[in-house]
>>> print(open('structure.cif').read())   # mmCIF, C-alpha atoms and all ligand atoms
data_protein
#
loop_
_atom_site.label_atom_id
_atom_site.label_comp_id
_atom_site.auth_asym_id
_atom_site.auth_seq_id
_atom_site.Cartn_x
_atom_site.Cartn_y
_atom_site.Cartn_z
CA MET D 1061 10.08 -27.63 -56.59
CA ASN D 1062 11.93 -30.43 -54.82
CA LYS D 1063 10.36 -33.45 -56.50
CA ILE D 1064 11.82 -34.29 -59.89
CA GLY D 1065 10.47 -37.04 -62.14
CA PHE D 1066 12.17 -38.64 -65.14
CA ILE D 1067 10.19 -40.13 -67.98
CA GLY D 1068 12.73 -42.22 -69.87
CA THR D 1069 15.79 -43.43 -67.96
CA GLY D 1070 18.41 -43.82 -70.71
CA ASN D 1071 21.87 -42.31 -71.05
CA LEU D 1072 21.01 -38.67 -70.55
CA ALA D 1073 18.68 -39.26 -67.61
CA ALA D 1074 21.43 -41.34 -65.95
CA SER D 1075 23.94 -38.50 -66.38
CA ILE D 1076 21.54 -35.93 -64.92
CA ILE D 1077 20.72 -38.16 -61.95
CA LYS D 1078 24.43 -38.76 -61.33
CA GLY D 1079 25.04 -34.98 -61.45
CA LEU D 1080 22.14 -34.18 -59.10
CA LYS D 1081 23.37 -36.72 -56.58
CA GLN D 1082 27.02 -35.62 -56.79
CA LYS D 1083 26.03 -31.98 -56.30
CA LYS D 1084 23.90 -33.02 -53.32
CA THR D 1085 20.96 -30.99 -54.60
CA GLY D 1086 18.63 -32.81 -52.20
CA TYR D 1087 15.89 -33.35 -54.77
CA GLU D 1088 13.57 -36.31 -54.33
CA LEU D 1089 13.81 -38.30 -57.57
CA PHE D 1090 11.15 -40.43 -59.27
CA MET D 1091 11.65 -42.39 -62.43
CA TYR D 1092 9.62 -44.20 -65.02
CA ASP D 1093 10.73 -46.03 -68.18
CA VAL D 1094 8.74 -48.23 -70.55
CA PHE D 1095 11.39 -50.83 -69.76
CA GLU D 1096 10.64 -51.04 -66.04
CA GLU D 1097 13.85 -52.87 -65.15
CA LYS D 1098 15.97 -49.99 -66.49
CA ALA D 1099 14.27 -47.49 -64.18
CA LYS D 1100 14.57 -49.90 -61.25
CA ILE D 1101 18.34 -50.39 -61.70
CA LEU D 1102 18.98 -46.65 -61.92
CA ALA D 1103 16.68 -45.90 -58.99
CA LYS D 1104 18.49 -48.47 -56.84
CA GLU D 1105 21.92 -47.10 -57.77
CA TYR D 1106 21.01 -43.53 -56.83
CA GLY D 1107 18.50 -43.97 -54.02
CA ALA D 1108 15.56 -42.82 -56.16
CA GLN D 1109 12.09 -44.32 -56.59
CA SER D 1110 11.01 -46.19 -59.70
CA CYS D 1111 7.29 -45.94 -60.31
CA SER D 1112 4.46 -46.05 -62.82
CA PHE D 1113 3.70 -43.34 -65.37
CA GLU D 1114 0.74 -42.13 -63.31
CA GLU D 1115 2.83 -41.96 -60.14
CA VAL D 1116 5.75 -40.11 -61.70
CA VAL D 1117 3.38 -37.49 -63.11
CA ARG D 1118 1.39 -37.16 -59.90
CA GLU D 1119 4.38 -37.00 -57.51
CA SER D 1120 6.74 -34.71 -59.45
CA GLN D 1121 6.67 -30.92 -59.55
CA THR D 1122 9.19 -31.01 -62.39
CA LEU D 1123 9.03 -33.66 -65.10
CA ILE D 1124 12.02 -34.32 -67.35
CA LEU D 1125 11.08 -35.93 -70.66
CA ALA D 1126 14.25 -37.87 -71.52
CA VAL D 1127 13.03 -40.02 -74.40
CA LYS D 1128 14.09 -40.07 -78.05
CA PRO D 1129 12.40 -37.54 -80.35
CA LYS D 1130 10.48 -40.37 -82.10
CA ASP D 1131 8.72 -41.16 -78.82
CA ILE D 1132 7.76 -37.60 -77.93
CA LYS D 1133 4.45 -37.41 -79.81
CA ASP D 1134 2.92 -40.42 -78.04
CA LEU D 1135 4.28 -39.23 -74.72
CA LEU D 1136 2.76 -35.75 -75.13
CA GLN D 1137 -0.57 -37.33 -76.02
CA GLU D 1138 -0.44 -39.30 -72.79
CA LEU D 1139 0.61 -36.22 -70.82
CA SER D 1140 -2.18 -34.11 -72.33
CA ARG D 1141 -4.63 -36.41 -70.52
CA SER D 1142 -2.86 -35.82 -67.16
CA ASN D 1143 -3.25 -33.03 -64.64
CA LEU D 1144 -0.15 -30.89 -65.20
CA SER D 1145 -1.36 -27.84 -63.32
CA GLY D 1146 1.57 -25.99 -61.66
CA LYS D 1147 4.13 -28.47 -63.03
CA LEU D 1148 7.25 -27.69 -65.01
CA ILE D 1149 7.97 -29.89 -68.03
CA ILE D 1150 11.59 -30.04 -69.23
CA THR D 1151 12.30 -31.64 -72.58
CA VAL D 1152 15.65 -32.63 -74.03
CA ALA D 1153 14.48 -34.12 -77.34
CA ALA D 1154 16.41 -32.79 -80.33
CA GLY D 1155 14.55 -31.22 -83.25
CA ILE D 1156 11.25 -30.29 -81.59
CA GLY D 1157 10.53 -26.61 -80.97
CA LEU D 1158 8.85 -25.08 -77.93
CA THR D 1159 5.78 -24.13 -79.98
CA ALA D 1160 5.04 -27.79 -80.72
CA TYR D 1161 4.98 -28.57 -76.98
CA GLU D 1162 2.90 -25.52 -76.16
CA GLN D 1163 0.35 -26.54 -78.79
CA MET D 1164 0.10 -30.07 -77.42
CA LEU D 1165 0.09 -28.95 -73.77
CA PRO D 1166 -1.67 -25.54 -73.72
CA GLY D 1167 -0.92 -23.35 -70.70
CA VAL D 1168 1.81 -25.69 -69.38
CA ALA D 1169 5.26 -24.41 -68.32
CA ILE D 1170 7.85 -25.88 -70.70
CA VAL D 1171 11.62 -25.52 -70.79
CA ARG D 1172 13.46 -26.96 -73.78
CA VAL D 1173 17.08 -28.01 -73.27
CA MET D 1174 19.76 -29.01 -75.75
CA PRO D 1175 22.63 -30.58 -73.82
CA ASN D 1176 25.59 -32.41 -75.35
CA THR D 1177 27.18 -35.79 -74.73
CA SER D 1178 29.74 -34.37 -72.33
CA SER D 1179 26.91 -34.56 -69.80
CA ALA D 1180 28.21 -38.11 -69.23
CA VAL D 1181 31.25 -36.59 -67.46
CA LEU D 1182 29.25 -33.64 -66.03
CA GLN D 1183 30.95 -31.24 -68.47
CA ALA D 1184 28.07 -30.54 -70.84
CA VAL D 1185 27.10 -27.18 -72.17
CA SER D 1186 23.31 -26.96 -72.38
CA GLY D 1187 21.25 -24.43 -74.30
CA MET D 1188 17.97 -23.70 -72.51
CA SER D 1189 14.90 -21.95 -73.87
CA ARG D 1190 12.05 -20.79 -71.72
CA GLY D 1191 8.40 -21.30 -72.63
CA GLN D 1192 5.86 -18.52 -72.17
CA HIS D 1193 4.22 -20.04 -69.05
CA VAL D 1194 7.43 -20.65 -67.05
CA ASP D 1195 7.71 -18.59 -63.84
CA ASP D 1196 11.00 -17.43 -62.30
CA GLN D 1197 11.09 -20.17 -59.67
CA GLN D 1198 10.63 -22.83 -62.36
CA ALA D 1199 13.40 -21.27 -64.47
CA ILE D 1200 15.73 -21.37 -61.45
CA THR D 1201 14.88 -25.06 -60.89
CA ALA D 1202 15.56 -25.92 -64.56
CA GLU D 1203 18.88 -24.09 -64.44
CA LYS D 1204 19.88 -25.82 -61.20
CA ILE D 1205 19.14 -29.26 -62.70
CA PHE D 1206 21.22 -28.72 -65.83
CA SER D 1207 24.01 -26.94 -63.93
CA ALA D 1208 24.51 -30.32 -62.25
CA VAL D 1209 25.78 -31.72 -65.59
CA GLY D 1210 27.82 -28.69 -66.70
CA LYS D 1211 27.33 -25.12 -67.91
CA VAL D 1212 24.07 -23.60 -69.14
CA LEU D 1213 23.16 -20.82 -71.54
CA TRP D 1214 19.62 -19.43 -71.74
CA ILE D 1215 18.79 -18.72 -75.34
CA ASP D 1216 15.80 -17.81 -77.53
CA ASP D 1217 14.19 -20.99 -78.88
CA ARG D 1218 14.70 -19.71 -82.45
CA LYS D 1219 18.47 -19.96 -81.87
CA ILE D 1220 18.49 -23.55 -80.60
CA ASN D 1221 19.31 -25.00 -84.03
CA ALA D 1222 22.30 -22.65 -84.31
CA LEU D 1223 23.36 -23.76 -80.83
CA THR D 1224 22.99 -27.40 -81.97
CA ALA D 1225 25.44 -26.69 -84.82
CA VAL D 1226 28.00 -25.35 -82.33
CA SER D 1227 27.68 -27.25 -79.05
CA GLY D 1228 25.08 -29.99 -79.60
CA SER D 1229 27.01 -31.66 -82.42
CA GLY D 1230 30.31 -29.95 -81.58
CA PRO D 1231 31.94 -32.77 -79.57
CA ALA D 1232 31.89 -34.96 -82.69
CA TYR D 1233 33.78 -32.33 -84.71
CA PHE D 1234 36.67 -32.47 -82.26
CA TYR D 1235 36.60 -36.29 -82.20
CA LEU D 1236 36.78 -36.28 -86.00
CA PHE D 1237 39.76 -33.93 -85.88
CA SER D 1238 41.50 -36.28 -83.48
CA GLU D 1239 40.71 -39.30 -85.66
CA LEU D 1240 42.25 -37.53 -88.65
CA MET D 1241 45.30 -36.52 -86.60
CA THR D 1242 45.72 -40.19 -85.63
CA GLU D 1243 45.50 -41.33 -89.26
CA VAL D 1244 48.05 -38.80 -90.45
CA GLY D 1245 50.30 -39.49 -87.46
CA GLU D 1246 50.41 -43.13 -88.62
CA LYS D 1247 51.28 -42.07 -92.16
CA LEU D 1248 54.16 -40.06 -90.71
CA GLY D 1249 55.58 -43.17 -89.05
CA LEU D 1250 53.91 -43.44 -85.63
CA THR D 1251 52.08 -46.62 -84.67
CA LYS D 1252 48.28 -46.42 -84.44
CA GLU D 1253 48.54 -46.65 -80.65
CA GLU D 1254 51.18 -43.94 -80.41
CA ALA D 1255 49.30 -41.56 -82.71
CA GLY D 1256 45.93 -42.28 -81.07
CA PHE D 1257 47.33 -41.68 -77.59
CA LEU D 1258 48.95 -38.41 -78.66
CA ALA D 1259 45.86 -37.11 -80.51
CA ARG D 1260 43.54 -37.96 -77.65
CA GLU D 1261 45.71 -36.48 -74.91
CA THR D 1262 46.28 -33.37 -77.02
CA LEU D 1263 42.51 -32.82 -77.20
CA VAL D 1264 42.10 -33.41 -73.45
CA GLY D 1265 44.96 -31.04 -72.63
CA ALA D 1266 43.73 -28.32 -75.02
CA GLY D 1267 40.26 -28.57 -73.43
CA MET D 1268 41.74 -28.19 -69.96
CA MET D 1269 43.77 -25.18 -71.10
CA LEU D 1270 40.54 -23.58 -72.29
CA ALA D 1271 38.87 -24.26 -68.96
CA GLU D 1272 41.69 -22.78 -66.90
CA ASP D 1273 43.37 -20.13 -69.08
CA HIS D 1274 41.00 -17.30 -69.86
CA ARG D 1275 42.85 -15.91 -72.86
CA SER D 1276 40.80 -15.85 -76.08
CA LEU D 1277 40.91 -18.78 -78.51
CA GLN D 1278 42.93 -16.66 -80.92
CA GLU D 1279 45.45 -15.71 -78.22
CA LEU D 1280 45.88 -19.33 -77.18
CA ARG D 1281 46.40 -20.36 -80.79
CA GLU D 1282 48.88 -17.56 -81.41
CA ALA D 1283 50.78 -18.50 -78.27
CA VAL D 1284 51.72 -21.86 -79.84
CA THR D 1285 52.31 -20.47 -83.32
CA SER D 1286 55.79 -18.97 -83.49
CA PRO D 1287 56.62 -17.10 -86.69
CA ASN D 1288 57.97 -19.37 -89.40
CA GLY D 1289 57.71 -22.37 -87.06
CA THR D 1290 56.12 -25.82 -87.33
CA THR D 1291 52.61 -24.92 -86.11
CA GLU D 1292 52.45 -21.94 -88.43
CA ALA D 1293 53.24 -24.23 -91.38
CA ALA D 1294 50.24 -26.39 -90.48
CA ILE D 1295 47.87 -23.50 -89.71
CA ASN D 1296 48.72 -21.74 -92.98
CA THR D 1297 47.94 -24.95 -94.86
CA PHE D 1298 44.55 -25.27 -93.11
CA ILE D 1299 43.71 -21.71 -94.11
CA GLU D 1300 45.02 -21.96 -97.70
CA GLN D 1301 43.08 -25.20 -98.21
CA GLY D 1302 39.81 -23.56 -97.13
CA LEU D 1303 39.18 -25.05 -93.68
CA ASP D 1304 36.98 -22.05 -92.80
CA GLU D 1305 34.75 -22.77 -95.79
CA ILE D 1306 34.54 -26.47 -94.93
CA PHE D 1307 33.48 -25.59 -91.37
CA HIS D 1308 30.94 -23.11 -92.62
CA LYS D 1309 29.39 -25.71 -94.95
CA ALA D 1310 29.42 -28.46 -92.33
CA MET D 1311 27.79 -26.39 -89.61
CA LEU D 1312 25.25 -25.01 -92.06
CA ALA D 1313 24.36 -28.62 -92.98
CA CYS D 1314 23.88 -29.40 -89.28
CA TRP D 1315 21.68 -26.33 -88.78
CA ARG D 1316 19.62 -27.15 -91.90
CA ARG D 1317 19.05 -30.73 -90.72
CA ALA D 1318 17.87 -29.44 -87.34
CA GLU D 1319 15.49 -26.99 -89.06
CA GLN D 1320 14.24 -29.81 -91.31
CA MET D 1321 13.64 -32.09 -88.30
CA GLU D 1322 11.60 -29.35 -86.62
CA GLY D 1323 9.62 -28.90 -89.84
CA GLU D 1324 8.97 -32.65 -90.14
CA TYR D 1325 7.81 -32.80 -86.55
CA SER D 1326 5.33 -29.93 -86.81
CA GLN D 1327 3.66 -31.50 -89.90
N1 LIG J 1 22.64 -38.30 -74.55
C1 LIG J 1 22.90 -37.01 -74.70
O1 LIG J 1 23.96 -36.50 -74.33
C2 LIG J 1 21.90 -36.08 -75.37
C3 LIG J 1 22.31 -34.81 -75.82
C4 LIG J 1 21.34 -33.95 -76.38
C5 LIG J 1 20.03 -34.35 -76.46
N2 LIG J 1 19.67 -35.60 -76.02
C6 LIG J 1 18.28 -35.99 -76.12
O2 LIG J 1 17.90 -36.63 -74.93
C7 LIG J 1 16.89 -37.61 -75.21
C8 LIG J 1 17.28 -38.91 -74.52
O3 LIG J 1 18.53 -39.36 -75.04
P1 LIG J 1 19.23 -40.65 -74.45
O4 LIG J 1 20.56 -40.74 -75.10
O5 LIG J 1 19.17 -40.64 -72.97
O6 LIG J 1 18.22 -41.79 -75.02
P2 LIG J 1 18.01 -43.32 -74.55
O7 LIG J 1 19.26 -43.81 -73.90
O8 LIG J 1 17.45 -44.06 -75.72
O9 LIG J 1 16.90 -43.20 -73.40
C9 LIG J 1 15.54 -43.03 -73.62
C10 LIG J 1 14.78 -44.04 -72.74
O10 LIG J 1 13.39 -43.69 -72.70
C11 LIG J 1 12.60 -44.86 -72.91
N3 LIG J 1 11.27 -44.47 -73.42
C12 LIG J 1 10.84 -44.32 -74.69
N4 LIG J 1 9.55 -43.90 -74.71
C13 LIG J 1 9.15 -43.79 -73.42
C14 LIG J 1 7.94 -43.40 -72.77
N5 LIG J 1 6.86 -43.05 -73.46
N6 LIG J 1 7.91 -43.40 -71.43
C15 LIG J 1 8.98 -43.76 -70.71
N7 LIG J 1 10.14 -44.14 -71.25
C16 LIG J 1 10.25 -44.15 -72.59
C17 LIG J 1 13.45 -45.64 -73.89
O11 LIG J 1 13.01 -46.98 -73.93
P3 LIG J 1 13.29 -47.85 -75.28
O12 LIG J 1 14.77 -47.90 -75.42
O13 LIG J 1 12.64 -49.14 -74.98
O14 LIG J 1 12.65 -47.08 -76.41
C18 LIG J 1 14.83 -45.47 -73.27
O15 LIG J 1 15.02 -46.33 -72.19
C19 LIG J 1 16.80 -37.71 -76.73
O16 LIG J 1 15.63 -37.03 -77.13
C20 LIG J 1 18.03 -36.99 -77.24
O17 LIG J 1 17.73 -36.29 -78.45
C21 LIG J 1 20.59 -36.47 -75.49
#
>>> encode(input="structure.cif", output="structure tokens")
Amino acid sequence: MNKIGFIGTGNLAASIIKGLKQKKTGYELFMYDVFEEKAKILAKEYGAQSCSFEEVVRESQTLILAVKPKDIKDLLQELSRSNLSGKLIITVAAGIGLTAYEQMLPGVAIVRVMPNTSSAVLQAVSGMSRGQHVDDQQAITAEKIFSAVGKVLWIDDRKINALTAVSGSGPAYFYLFSELMTEVGEKLGLTKEEAGFLARETLVGAGMMLAEDHRSLQELREAVTSPNGTTEAAINTFIEQGLDEIFHKAMLACWRRAEQMEGEYSQ
């Protein structure tokens, strides 16, 4: 399973290719994009081969579909006319369930992946669901590819929308928190630059603490919350003002939208 082909060479494909090269996985990489120049530039940067649609399908044992969800239907139609025997198809398009792929490509091994934008710095967490025709070797290959851009979690496809509400959309929740911290910091007398710097570095530092200190989230929070102190005053206000309910509603909205997108696609 050493030949990997990319169909679509946008942001996510670029991150995966960067990760595969940095981890020295030794895969031979092929790439195709409707905008030929894009594939060529990426291929040149990473010592890969840019090629035609027919070539990428023929040469690759694993094909990564890295196009936007709106382009998936046409792409699957094209793929359904190709010989995919023995190949693994990996898809990263949001909002399209495994069943839809398996209907369009009967008998084909499909792995669906939901990464997040931290793939750009090789710190993604990717949910992976395994189609019914995927063998163990193919599952290992899929895991190896996405381990090159961060951590992976195999999960039942029916849980992918819940995963989207936590990790797929999750980075934006923390960015929003930091934006709000910046705004309030300014109201408390800091300059925009001072508050922005502090909010950003606080998020980076907290993330690194999580990566290195294996205490639970609650323990880490309690460690900075001394009784009757400043942090406790803030945390109590979050709780009294219903932050838990706001989070519940927001993540439910995310999950519902993902379910709706899947519904729209299968119509
Ligand atoms: N970026 C992330 O971190 C992330 C996280 C989770 C999921 N995803 C999923 O990953 C997929 C790719 O995201 P992205 O951010 O990398 O998108 P992107 O930057 O727009 O890249 C997609 C590329 O594929 C090209 N393309 C479209 N149809 C094609 C076809 N039939 N054959 C070959 N190339 C085709 C597009 O060309 P045009 O621009 O000309 O259309 C574009 O160059 C999306 O489905 C997204 O939902 C991404």
>>> residues_near_ligand(input="structure.cif", ligand="ligand LIG 1 (chain J)", cutoff="6 Å", atoms="all atoms listed in the file", output="ChimeraX atom specification")
/D:1067-1073,1092-1095,1126-1129,1131,1135,1152-1154,1174-1177,1179
>>> closest_residue(input="structure.cif", among="D:Glu1300, D:Asp1195, D:Asp1217, D:Glu1282", to="Glu1319 of chain D", atoms="all atoms listed in the file")
D:Asp1217
>>> residues_around(input="structure.cif", residues="Gly1107 of chain D", least_positions_apart="6", cutoff="12 Å", atoms="all atoms listed in the file", output="list in words")
Ile1077, Lys1078, Leu1080, Lys1081, Gly1086, Tyr1087, Glu1088, Leu1089, Phe1090, Met1091, Ala1099, Lys1100 and Ile1101 of chain D
>>> closest_residue(input="structure.cif", among="D:Asn1062, D:Ser1238, D:Gln1082, D:Gln1192", to="Val1209 of chain D", atoms="only C-alpha atoms")
D:Gln1082
>>> closest_residue(input="structure.cif", among="D:Phe1113, D:Phe1066, D:Tyr1325, D:Phe1307", to="Phe1234 of chain D", atoms="all atoms listed in the file")
D:Phe1307
>>> residues_around(input="structure.cif", residues="Met1241 of chain D", least_positions_apart="2", cutoff="12 Å", atoms="all atoms listed in the file", output="list of chain:residue names")
D:Phe1234, D:Tyr1235, D:Leu1236, D:Phe1237, D:Ser1238, D:Glu1239, D:Glu1243, D:Val1244, D:Gly1245, D:Glu1246, D:Lys1247, D:Leu1248, D:Leu1250, D:Lys1252, D:Glu1254, D:Ala1255, D:Gly1256, D:Phe1257, D:Leu1258, D:Ala1259, D:Arg1260, D:Glu1261, D:Thr1262, D:Leu1263, D:Ala1294
>>> write_last_selection(input="structure.cif", atoms="C-alpha atoms", output="compact mmCIF listing (two decimals), in the frame of the given file")
# COMPACT_ATOMS: atom_id res chain seq x y z
CA PHE D 1234 36.67 -32.47 -82.26
CA TYR D 1235 36.60 -36.29 -82.20
CA LEU D 1236 36.78 -36.28 -86.00
CA PHE D 1237 39.76 -33.93 -85.88
CA SER D 1238 41.50 -36.28 -83.48
CA GLU D 1239 40.71 -39.30 -85.66
CA GLU D 1243 45.50 -41.33 -89.26
CA VAL D 1244 48.05 -38.80 -90.45
CA GLY D 1245 50.30 -39.49 -87.46
CA GLU D 1246 50.41 -43.13 -88.62
CA LYS D 1247 51.28 -42.07 -92.16
CA LEU D 1248 54.16 -40.06 -90.71
CA LEU D 1250 53.91 -43.44 -85.63
CA LYS D 1252 48.28 -46.42 -84.44
CA GLU D 1254 51.18 -43.94 -80.41
CA ALA D 1255 49.30 -41.56 -82.71
CA GLY D 1256 45.93 -42.28 -81.07
CA PHE D 1257 47.33 -41.68 -77.59
CA LEU D 1258 48.95 -38.41 -78.66
CA ALA D 1259 45.86 -37.11 -80.51
CA ARG D 1260 43.54 -37.96 -77.65
CA GLU D 1261 45.71 -36.48 -74.91
CA THR D 1262 46.28 -33.37 -77.02
CA LEU D 1263 42.51 -32.82 -77.20
CA ALA D 1294 50.24 -26.39 -90.48
>>> atom_distance(input="structure.cif", atom1="atom CA of Gln1278 of chain D", atom2="atom CA of Val1226 of chain D")
17.3 Å
>>> atom_distance(input="structure.cif", atom1="atom CA of Lys1147 of chain D", atom2="atom CA of Gln1121 of chain D")
5.0 Å
>>> residues_near_point(input="structure.cif", point="(41.7, -22.9, -77.3)", cutoff="12 Å", atoms="all atoms listed in the file", output="list in words")
Phe1234, Thr1262, Leu1263, Val1264, Gly1265, Ala1266, Gly1267, Met1268, Met1269, Leu1270, Ala1271, Glu1272, Asp1273, His1274, Arg1275, Ser1276, Leu1277, Gln1278, Glu1279, Leu1280, Arg1281, Glu1282, Ala1283 and Val1284 of chain D
>>> atom_distance(input="structure.cif", atom1="atom CA of Gly1323 of chain D", atom2="atom CA of His1193 of chain D")
23.2 Å
>>> residues_around(input="structure.cif", residues="Glu1114 of chain D", least_positions_apart="3", cutoff="10 Å", atoms="all atoms listed in the file", output="list in words")
Tyr1092, Cys1111, Val1117, Arg1118, Glu1119, Glu1138, Leu1139 and Ser1142 of chain D
>>> closest_atom_pairs(input="structure.cif", of="segment 1167-1261 of chain D", to="segment 1157-1162 of chain D", cutoff="8 Å", atoms="all atoms listed in the file", output="tab-separated table")
residue	atom	partner	partner_atom	distance
D:Gly1167	CA	D:Glu1162	CA	7.0
D:Val1168	CA	D:Glu1162	CA	6.9
D:Ile1170	CA	D:Leu1158	CA	7.3
D:Val1171	CA	D:Leu1158	CA	7.7
D:Arg1172	CA	D:Leu1158	CA	6.5
D:Ser1189	CA	D:Leu1158	CA	7.9
D:Gly1191	CA	D:Leu1158	CA	6.5
D:Asp1217	CA	D:Leu1158	CA	6.8
>>> closest_residue(input="structure.cif", among="D:Gln1320, D:Thr1242, D:Ser1207, D:Asn1143", to="Leu1182 of chain D", atoms="all atoms listed in the file")
D:Ser1207
>>> decode(input="structure.cif", residues="segment 1263-1281 of chain D", atoms="N, CA and C atoms", output="short mmCIF file (atom, residue, chain, number, x, y, z; two decimals), in the first residue's frame")
data_model
loop_
_atom_site.label_atom_id
_atom_site.label_comp_id
_atom_site.auth_asym_id
_atom_site.auth_seq_id
_atom_site.Cartn_x
_atom_site.Cartn_y
_atom_site.Cartn_z
N LEU D 1263 -3.93 30.71 25.38
CA LEU D 1263 -4.51 29.53 24.72
C LEU D 1263 -3.41 28.55 24.31
N VAL D 1264 -2.32 29.09 23.75
CA VAL D 1264 -1.20 28.22 23.34
C VAL D 1264 -0.64 27.49 24.57
N GLY D 1265 -0.40 28.23 25.63
CA GLY D 1265 0.18 27.65 26.85
C GLY D 1265 -0.74 26.61 27.47
N ALA D 1266 -2.05 26.91 27.51
CA ALA D 1266 -3.00 25.96 28.10
C ALA D 1266 -3.02 24.67 27.27
N GLY D 1267 -2.94 24.82 25.94
CA GLY D 1267 -2.91 23.64 25.06
C GLY D 1267 -1.67 22.81 25.31
N MET D 1268 -0.54 23.49 25.52
CA MET D 1268 0.71 22.74 25.76
C MET D 1268 0.67 22.05 27.13
N MET D 1269 0.05 22.70 28.10
CA MET D 1269 -0.13 22.05 29.41
C MET D 1269 -0.91 20.75 29.24
N LEU D 1270 -1.98 20.82 28.45
CA LEU D 1270 -2.81 19.62 28.24
C LEU D 1270 -2.01 18.51 27.58
N ALA D 1271 -1.13 18.91 26.66
CA ALA D 1271 -0.35 17.89 25.94
C ALA D 1271 0.67 17.22 26.86
N GLU D 1272 1.19 17.98 27.82
CA GLU D 1272 2.31 17.45 28.62
C GLU D 1272 1.93 17.00 30.02
N ASP D 1273 0.87 17.58 30.58
CA ASP D 1273 0.48 17.27 31.96
C ASP D 1273 -0.76 16.39 31.87
N HIS D 1274 -0.66 15.17 32.39
CA HIS D 1274 -1.75 14.23 32.15
C HIS D 1274 -2.83 14.23 33.22
N ARG D 1275 -2.85 15.29 34.03
CA ARG D 1275 -3.98 15.40 34.96
C ARG D 1275 -5.26 15.66 34.17
N SER D 1276 -6.42 15.37 34.78
CA SER D 1276 -7.69 15.58 34.07
C SER D 1276 -7.93 17.08 33.87
N LEU D 1277 -8.86 17.39 32.97
CA LEU D 1277 -9.21 18.80 32.73
C LEU D 1277 -9.66 19.47 34.02
N GLN D 1278 -10.48 18.73 34.77
CA GLN D 1278 -11.00 19.29 36.03
C GLN D 1278 -9.86 19.57 37.01
N GLU D 1279 -8.92 18.63 37.09
CA GLU D 1279 -7.79 18.83 38.03
C GLU D 1279 -6.95 20.03 37.62
N LEU D 1280 -6.74 20.16 36.31
CA LEU D 1280 -5.94 21.31 35.84
C LEU D 1280 -6.66 22.62 36.16
N ARG D 1281 -7.97 22.60 35.94
CA ARG D 1281 -8.75 23.82 36.23
C ARG D 1281 -8.71 24.13 37.73
#
